[in-house]
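Reproduced below: entry-v4.cif, with mmCIF, C-alpha atoms.
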```
data_target
loop_
_atom_site.label_atom_id
_atom_site.label_comp_id
_atom_site.auth_asym_id
_atom_site.auth_seq_id
_atom_site.Cartn_x
_atom_site.Cartn_y
_atom_site.Cartn_z
CA MET I 1 62.89 123.55 204.08
CA SER I 2 59.80 121.84 205.50
CA TYR I 3 56.25 123.09 204.96
CA ARG I 4 54.36 121.29 207.72
CA GLY I 5 56.24 118.20 206.66
CA TRP I 6 54.95 118.13 203.06
CA GLU I 7 56.90 118.00 199.84
CA PHE I 8 55.07 117.62 196.52
CA ARG I 9 57.28 116.92 193.52
CA LEU I 10 55.62 117.48 190.15
CA LEU I 11 58.66 118.46 188.05
CA GLY I 12 59.53 114.94 187.00
CA PRO I 13 58.02 111.67 188.27
CA VAL I 14 55.26 112.62 190.73
CA GLU I 15 56.27 112.04 194.34
CA VAL I 16 54.75 112.96 197.69
CA TRP I 17 56.76 113.12 200.90
CA HIS I 18 55.47 113.79 204.40
CA GLY I 19 57.33 113.79 207.68
CA GLY I 20 60.47 112.54 205.95
CA GLY I 21 58.75 109.49 204.46
CA ARG I 22 57.41 108.90 200.99
CA ILE I 23 53.69 108.34 200.49
CA VAL I 24 53.27 105.83 197.67
CA LEU I 25 50.45 106.60 195.24
CA ALA I 26 50.26 103.44 193.20
CA ARG I 27 47.46 104.57 190.88
CA ARG I 28 48.43 106.79 187.96
CA ALA I 29 45.16 108.72 188.28
CA GLN I 30 45.94 109.75 191.86
CA ARG I 31 49.38 111.02 190.86
CA CYS I 32 47.85 112.80 187.89
CA LEU I 33 45.27 114.53 190.11
CA LEU I 34 48.10 116.19 191.97
CA GLY I 35 48.25 118.42 188.91
CA LEU I 36 45.65 120.35 190.94
CA LEU I 37 48.63 121.72 192.87
CA LEU I 38 49.71 123.67 189.80
CA GLU I 39 46.83 125.94 190.82
CA ALA I 40 46.91 125.34 194.57
CA GLY I 41 44.17 127.28 196.31
CA ARG I 42 42.12 127.75 193.13
CA VAL I 43 39.08 125.81 192.01
CA VAL I 44 39.73 123.59 188.99
CA PRO I 45 36.54 122.62 187.12
CA VAL I 46 35.65 118.96 186.85
CA SER I 47 35.71 119.29 183.06
CA ARG I 48 39.39 120.17 183.18
CA LEU I 49 40.14 117.32 185.54
CA LEU I 50 38.48 114.89 183.13
CA GLU I 51 40.80 116.20 180.40
CA LEU I 52 43.77 115.83 182.74
CA LEU I 53 42.95 112.20 183.49
CA TRP I 54 41.73 111.00 180.11
CA ASP I 55 43.14 113.41 177.51
CA ASP I 56 39.81 114.46 175.96
CA ASP I 57 38.55 110.84 175.77
CA PRO I 58 36.80 110.17 179.10
CA PRO I 59 35.07 106.82 179.61
CA ALA I 60 31.42 106.37 180.43
CA HIS I 61 30.59 107.48 183.98
CA ALA I 62 33.85 109.47 184.05
CA ARG I 63 32.59 111.82 186.76
CA GLY I 64 31.86 108.96 189.11
CA ILE I 65 35.29 107.47 188.46
CA LEU I 66 36.87 110.87 189.10
CA HIS I 67 35.11 111.17 192.46
CA SER I 68 36.40 107.71 193.39
CA HIS I 69 39.97 108.72 192.55
CA VAL I 70 39.56 111.90 194.60
CA ALA I 71 38.31 109.88 197.58
CA ARG I 72 41.34 107.57 197.39
CA LEU I 73 43.71 110.52 197.16
CA ARG I 74 42.08 112.12 200.19
CA GLY I 75 42.40 108.86 202.06
CA ALA I 76 46.13 108.82 201.40
CA LEU I 77 46.89 112.49 202.11
CA ASP I 78 44.11 113.73 204.41
CA PRO I 79 42.68 110.61 206.06
CA ASP I 80 40.67 112.43 208.76
CA ARG I 81 39.26 114.95 206.23
CA THR I 82 40.14 117.90 208.51
CA GLY I 83 43.25 119.25 206.81
CA SER I 84 45.03 118.90 210.15
CA ARG I 85 48.14 117.58 208.40
CA GLY I 86 48.36 120.64 206.14
CA PHE I 87 46.65 119.34 203.00
CA ARG I 88 43.01 119.39 201.92
CA LEU I 89 41.21 118.43 198.72
CA LEU I 90 37.77 120.01 198.65
CA LEU I 91 34.75 120.01 196.39
CA ARG I 92 33.75 123.57 195.45
CA GLY I 93 30.74 123.89 193.17
CA ASP I 94 31.54 121.96 190.00
CA GLY I 95 35.24 121.65 190.72
CA TYR I 96 37.91 120.75 193.22
CA VAL I 97 40.51 122.82 195.04
CA ALA I 98 43.75 121.53 196.58
CA GLU I 99 44.84 123.52 199.63
CA THR I 100 48.38 123.38 201.00
CA ASP I 101 51.32 125.72 201.49
CA THR I 102 52.53 126.53 197.97
CA GLY I 103 56.08 126.39 199.31
CA ALA I 104 55.61 122.64 199.62
CA VAL I 105 55.15 122.32 195.84
CA ASP I 106 58.29 122.24 193.69
CA VAL I 107 56.61 124.11 190.83
CA HIS I 108 55.87 127.09 193.05
CA ARG I 109 59.32 127.02 194.67
CA PHE I 110 60.85 127.01 191.17
CA ARG I 111 58.80 130.03 190.12
CA ASP I 112 59.62 131.89 193.33
CA LEU I 113 63.37 131.35 192.98
CA VAL I 114 63.34 132.46 189.34
CA GLY I 115 61.48 135.62 190.33
CA ARG I 116 63.96 136.36 193.14
CA ALA I 117 66.90 135.77 190.80
CA GLY I 118 65.76 138.63 188.59
CA LEU I 119 66.50 141.07 191.43
CA ALA I 120 69.99 139.75 192.25
CA GLY I 121 73.46 140.52 190.96
CA PRO I 122 75.29 138.05 188.70
CA GLY I 123 76.65 135.79 191.46
CA GLY I 124 73.43 135.70 193.45
CA ARG I 125 71.36 135.31 190.28
CA ALA I 126 73.39 132.27 189.21
CA ARG I 127 73.05 130.64 192.63
CA LEU I 128 69.29 131.22 192.83
CA LEU I 129 68.74 129.93 189.30
CA ARG I 130 70.80 126.81 189.99
CA ASP I 131 68.67 126.19 193.08
CA ALA I 132 65.52 126.72 190.99
CA LEU I 133 66.63 124.38 188.21
CA ALA I 134 67.62 121.68 190.69
CA HIS I 135 63.88 121.11 191.28
CA TRP I 136 63.53 119.73 187.75
CA ARG I 137 64.00 115.94 187.68
CA GLY I 138 62.31 115.40 184.32
CA PRO I 139 59.17 116.48 182.43
CA LEU I 140 56.19 117.84 184.35
CA LEU I 141 53.97 115.06 185.82
CA ALA I 142 56.19 112.40 184.24
CA GLY I 143 54.62 108.97 184.38
CA ALA I 144 51.24 110.42 185.33
CA ALA I 145 49.94 112.70 182.56
CA THR I 146 50.01 111.88 178.84
CA ASP I 147 52.38 113.75 176.54
CA ARG I 148 49.52 115.80 175.09
CA VAL I 149 48.23 116.84 178.50
CA ARG I 150 51.73 117.59 179.70
CA ASP I 151 52.40 119.78 176.67
CA ARG I 152 49.17 121.64 177.28
CA LEU I 153 49.76 122.15 180.99
CA GLY I 154 53.48 122.67 180.95
CA ALA I 155 54.29 124.75 177.87
CA GLY I 156 54.73 127.92 179.91
CA LEU I 157 56.76 126.11 182.58
CA GLU I 158 59.07 124.55 180.01
CA GLU I 159 59.70 127.94 178.44
CA LEU I 160 60.40 129.39 181.88
CA ARG I 161 62.85 126.52 182.54
CA LEU I 162 64.74 127.20 179.32
CA SER I 163 64.78 130.92 180.01
CA ALA I 164 66.13 130.23 183.51
CA ILE I 165 68.91 128.08 182.03
CA GLU I 166 69.80 130.90 179.64
CA SER I 167 69.81 133.49 182.42
CA CYS I 168 71.90 131.20 184.61
CA VAL I 169 74.67 130.66 182.05
CA GLU I 170 74.67 134.37 181.18
CA ALA I 171 75.13 135.22 184.87
CA GLU I 172 77.91 132.65 185.16
CA LEU I 173 79.65 134.20 182.16
CA GLU I 174 79.48 137.58 183.89
CA CYS I 175 81.24 135.91 186.81
CA GLY I 176 84.08 134.67 184.59
CA ARG I 177 83.12 130.98 184.46
CA HIS I 178 83.45 130.56 180.69
CA ARG I 179 85.84 127.60 180.83
CA GLU I 180 83.78 125.64 183.36
CA LEU I 181 80.61 126.27 181.34
CA LEU I 182 81.90 125.06 177.99
CA PRO I 183 80.91 121.36 178.31
CA GLU I 184 77.43 122.29 179.59
CA LEU I 185 76.92 124.88 176.87
CA ALA I 186 78.04 122.49 174.14
CA ASP I 187 75.40 119.99 175.31
CA LEU I 188 72.72 122.67 175.62
CA VAL I 189 73.32 123.98 172.11
CA ARG I 190 73.12 120.44 170.72
CA GLN I 191 69.80 119.95 172.51
CA HIS I 192 68.39 123.37 171.58
CA PRO I 193 70.07 124.45 168.32
CA LEU I 194 67.60 127.31 167.72
CA ARG I 195 67.89 129.02 171.13
CA GLU I 196 69.86 132.15 170.27
CA ARG I 197 70.72 133.08 173.85
CA LEU I 198 72.37 129.69 174.35
CA ILE I 199 74.25 130.00 171.06
CA ARG I 200 75.44 133.48 172.01
CA ALA I 201 76.58 132.26 175.44
CA TYR I 202 78.42 129.34 173.86
CA MET I 203 80.15 131.61 171.33
CA LEU I 204 81.14 134.02 174.09
CA ALA I 205 82.50 131.21 176.31
CA LEU I 206 84.61 129.89 173.42
CA TYR I 207 85.84 133.38 172.54
CA ARG I 208 86.85 134.18 176.13
CA ASP I 209 88.65 130.86 176.34
CA GLY I 210 90.88 131.99 173.46
CA ARG I 211 89.05 129.85 170.87
CA ARG I 212 87.87 132.49 168.45
CA PRO I 213 87.86 130.17 165.37
CA ASP I 214 85.61 127.75 167.26
CA ALA I 215 83.30 130.59 168.29
CA LEU I 216 82.97 131.74 164.67
CA ALA I 217 82.39 128.14 163.58
CA ALA I 218 79.58 127.87 166.13
CA TYR I 219 77.90 130.84 164.47
CA ARG I 220 78.23 129.25 161.03
CA ARG I 221 76.62 126.04 162.31
CA ALA I 222 73.81 128.09 163.82
CA ARG I 223 73.21 129.86 160.50
CA GLY I 224 72.97 126.47 158.81
CA ASP I 225 70.52 125.18 161.44
CA PHE I 226 68.33 128.28 161.13
CA ALA I 227 68.31 128.12 157.35
CA ARG I 228 67.48 124.41 157.32
CA GLU I 229 64.81 124.49 160.05
CA LEU I 230 63.27 127.94 159.63
CA GLY I 231 64.40 129.27 156.27
CA LEU I 232 65.80 132.29 158.13
CA ASP I 233 69.05 133.72 159.43
CA PRO I 234 69.63 134.21 163.14
CA THR I 235 68.63 137.65 164.41
CA GLY I 236 70.83 140.66 163.92
CA ASP I 237 71.98 140.50 167.55
CA LEU I 238 73.71 137.16 167.04
CA GLY I 239 75.19 138.38 163.76
CA GLU I 240 76.48 141.49 165.51
CA VAL I 241 78.24 139.40 168.15
CA HIS I 242 79.83 137.38 165.33
CA ASP I 243 81.07 140.55 163.63
CA ARG I 244 82.46 141.90 166.89
CA MET I 245 84.35 138.65 167.36
CA VAL I 246 85.77 138.88 163.85
CA HIS I 247 87.17 142.29 164.76
CA ALA I 248 88.30 141.23 168.26
CA ASP I 249 86.10 143.83 169.93
CA ARG I 250 87.49 144.40 173.44
CA SER I 251 83.98 144.85 174.84
CA LEU I 252 83.57 141.07 174.54
CA ASP I 253 86.41 140.43 176.97
CA LEU I 254 85.91 139.36 180.58
CA PRO I 255 84.12 141.81 182.91
CA PRO I 256 86.13 143.46 185.70
CA ALA I 257 87.44 141.03 188.30
CA GLY I 258 85.22 142.52 190.99
CA MET I 259 82.15 141.15 189.21
CA ARG I 260 83.40 137.57 189.23
CA ARG I 261 83.12 134.84 191.84
CA PRO I 262 84.80 131.47 192.36
CA PRO I 263 83.40 128.54 190.36
CA GLY I 264 80.28 126.90 191.80
CA PRO I 265 78.86 123.41 191.32
CA SER I 266 77.74 122.33 187.88
CA VAL I 267 74.08 122.26 186.93
CA VAL I 268 72.58 118.97 185.78
CA TRP I 269 70.42 119.83 182.77
CA TRP I 270 68.12 116.80 182.51
#
```
Now, as a test, write the supplied structure out as structure tokens.
Amino acid sequence: MSYRGWEFRLLGPVEVWHGGGRIVLARRAQRCLLGLLLEAGRVVPVSRLLELLWDDDPPAHARGILHSHVARLRGALDPDRTGSRGFRLLLRGDGYVAETDTGAVDVHRFRDLVGRAGLAGPGGRARLLRDALAHWRGPLLAGAATDRVRDRLGAGLEELRLSAIESCVEAELECGRHRELLPELADLVRQHPLRERLIRAYMLALYRDGRRPDALAAYRRARGDFARELGLDPTGDLGEVHDRMVHADRSLDLPPAGMRRPPGPSVVWW
């Protein structure tokens, strides 16, 4: 979908596309300033932009340098300063505001799709969440912001990404895709050994694939990880699922066939 020809990619290496062609922003600072689009339409104080660019250690005359970077970014994206191409970067008081259609920004498209997925049934929810997660090509503002700045700006987004992954695999399980999901879930649990929803989904996929011993072993590994990393056991919910598996509780079996759908494409979890 085109939003007046613009596409701003912040979820991974920063890229700008317009009219089907890529606009090269060679300077890291210019790419970093596109972090303004995380709050498109809102004024971001200069003080926050200095933190974004220099991670709490701005050089002398930082404000003047910032204004120079802004001017170069305007020259690349809004050369006639009218916003006629659908993008404007404006000074407002002691801050700047980036104006464009939020649908042109991958962060906002991701959030919108996740929100819509919450209102859909299992099949539709899985499809919307896969579309949302496809926008992620790597860490937020990769190659532009420092790790500290990225952690500060993107903590909420990263949590939303992980929650979307969890919701996606849960929806796929409701659709009967346990066998197809097993390789993905094994990787996800290795990457995030303390995410209980992922562990539960992995256990359930193994169980429904007729691999109850492996599902119980996955729980034992999780208990060991929790004890070693947190000094705690997993929550009672995960323990309850384990106990139900021990007793072959029929409620853990596949949902009715009418709730399932044919397998879809795999998700690439970067």
Around all the atoms of segment 230-239 of chain I listed in the file, with 8 Å of room on each side, what axis-aligned box do you get, giving centre and edge lengths in Å to one decimal, as JSON?
```
{"center_x": 69.2, "center_y": 134.3, "center_z": 161.9, "size_x": 27.9, "size_y": 28.7, "size_z": 27.3}
```
Selected residue, from I:Arg92, I:His61, I:Arg22, I:Arg111, that lies nearest to Leu38 of chain I when counting only C-alpha atoms: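 For Leu38 of chain I, the nearest of the given residues is I:Arg111.
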Separation of atom CA of Asp187 of chain I from atom CA of Val149 of chain I, in Å and rounded to one decimal: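 Here the two named atoms are 27.5 Å from each other.
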Distance criterion (only C-alpha atoms): nearest to Arg152 of chain I out of I:Leu52, I:Leu89, I:Val16, I:Ala26: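 Closest candidate: I:Leu52.
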Given the PyMOL selection byres ((chain I and resi 48) around 12), the residues it picks as a PyMOL selection string: chain I and resi 33+35-36+43-47+49-58+63+66+94-96+149+152-153
Nearby residues (only C-alpha atoms) at most 12 Å from Arg137 of chain I, same-chain spacing under 3 positions excluded, as a PyMOL selection string: chain I and resi 9-15+106-107+132-134+140-142+161+267-270
9 Å contact set for segment 231-238 of chain I, all atoms listed in the file, chain neighbours under 3 positions out, as number ranges by chain: I: 194, 196-197, 199-200, 219, 222-228, 241-243
Mind dumping the selected residues with C-alpha atoms as a PDB file, in the frame of the given file?
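New file result-v3.pdb:
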```
ATOM      1  CA  LEU I 194      67.600 127.310 167.720  1.00  0.00           C
ATOM      2  CA  GLU I 196      69.860 132.150 170.270  1.00  0.00           C
ATOM      3  CA  ARG I 197      70.720 133.080 173.850  1.00  0.00           C
ATOM      4  CA  ILE I 199      74.250 130.000 171.060  1.00  0.00           C
ATOM      5  CA  ARG I 200      75.440 133.480 172.010  1.00  0.00           C
ATOM      6  CA  TYR I 219      77.900 130.840 164.470  1.00  0.00           C
ATOM      7  CA  ALA I 222      73.810 128.090 163.820  1.00  0.00           C
ATOM      8  CA  ARG I 223      73.210 129.860 160.500  1.00  0.00           C
ATOM      9  CA  GLY I 224      72.970 126.470 158.810  1.00  0.00           C
ATOM     10  CA  ASP I 225      70.520 125.180 161.440  1.00  0.00           C
ATOM     11  CA  PHE I 226      68.330 128.280 161.130  1.00  0.00           C
ATOM     12  CA  ALA I 227      68.310 128.120 157.350  1.00  0.00           C
ATOM     13  CA  ARG I 228      67.480 124.410 157.320  1.00  0.00           C
ATOM     14  CA  VAL I 241      78.240 139.400 168.150  1.00  0.00           C
ATOM     15  CA  HIS I 242      79.830 137.380 165.330  1.00  0.00           C
ATOM     16  CA  ASP I 243      81.070 140.550 163.630  1.00  0.00           C
TER      17      ASP I 243
END
```
Picked residues, the PyMOL selection byres ((chain I and resi 30) around 10), expected as a list in words: Val14, Leu25, Ala26, Arg27, Arg28, Ala29, Arg31, Cys32, Leu33, Leu34, Gly35, Leu53, Leu66, Ser68, His69, Val70, Ala71, Arg72, Leu73, Arg74, Ala76 and Ala144 of chain I
Neighbour list for Arg116 of chain I as a list in words, cut-off 12 Å, all atoms listed in the file, skip fewer than 6 positions in-chain: Arg109, Phe110, Gly124, Arg125, Ala126, Arg127, Leu128, Leu129, Asp131, Ala132 and Ala164 of chain I
Take the residues that were just selected and, keeping C-alpha atoms, output them as a tab-separated table (two decimals), in the coordinates of the input.
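Listed below is the output, out39.tsv:
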```tsv
chain	number	residue	atom	x	y	z
I	109	ARG	CA	59.32	127.02	194.67
I	110	PHE	CA	60.85	127.01	191.17
I	124	GLY	CA	73.43	135.70	193.45
I	125	ARG	CA	71.36	135.31	190.28
I	126	ALA	CA	73.39	132.27	189.21
I	127	ARG	CA	73.05	130.64	192.63
I	128	LEU	CA	69.29	131.22	192.83
I	129	LEU	CA	68.74	129.93	189.30
I	131	ASP	CA	68.67	126.19	193.08
I	132	ALA	CA	65.52	126.72	190.99
I	164	ALA	CA	66.13	130.23	183.51
```
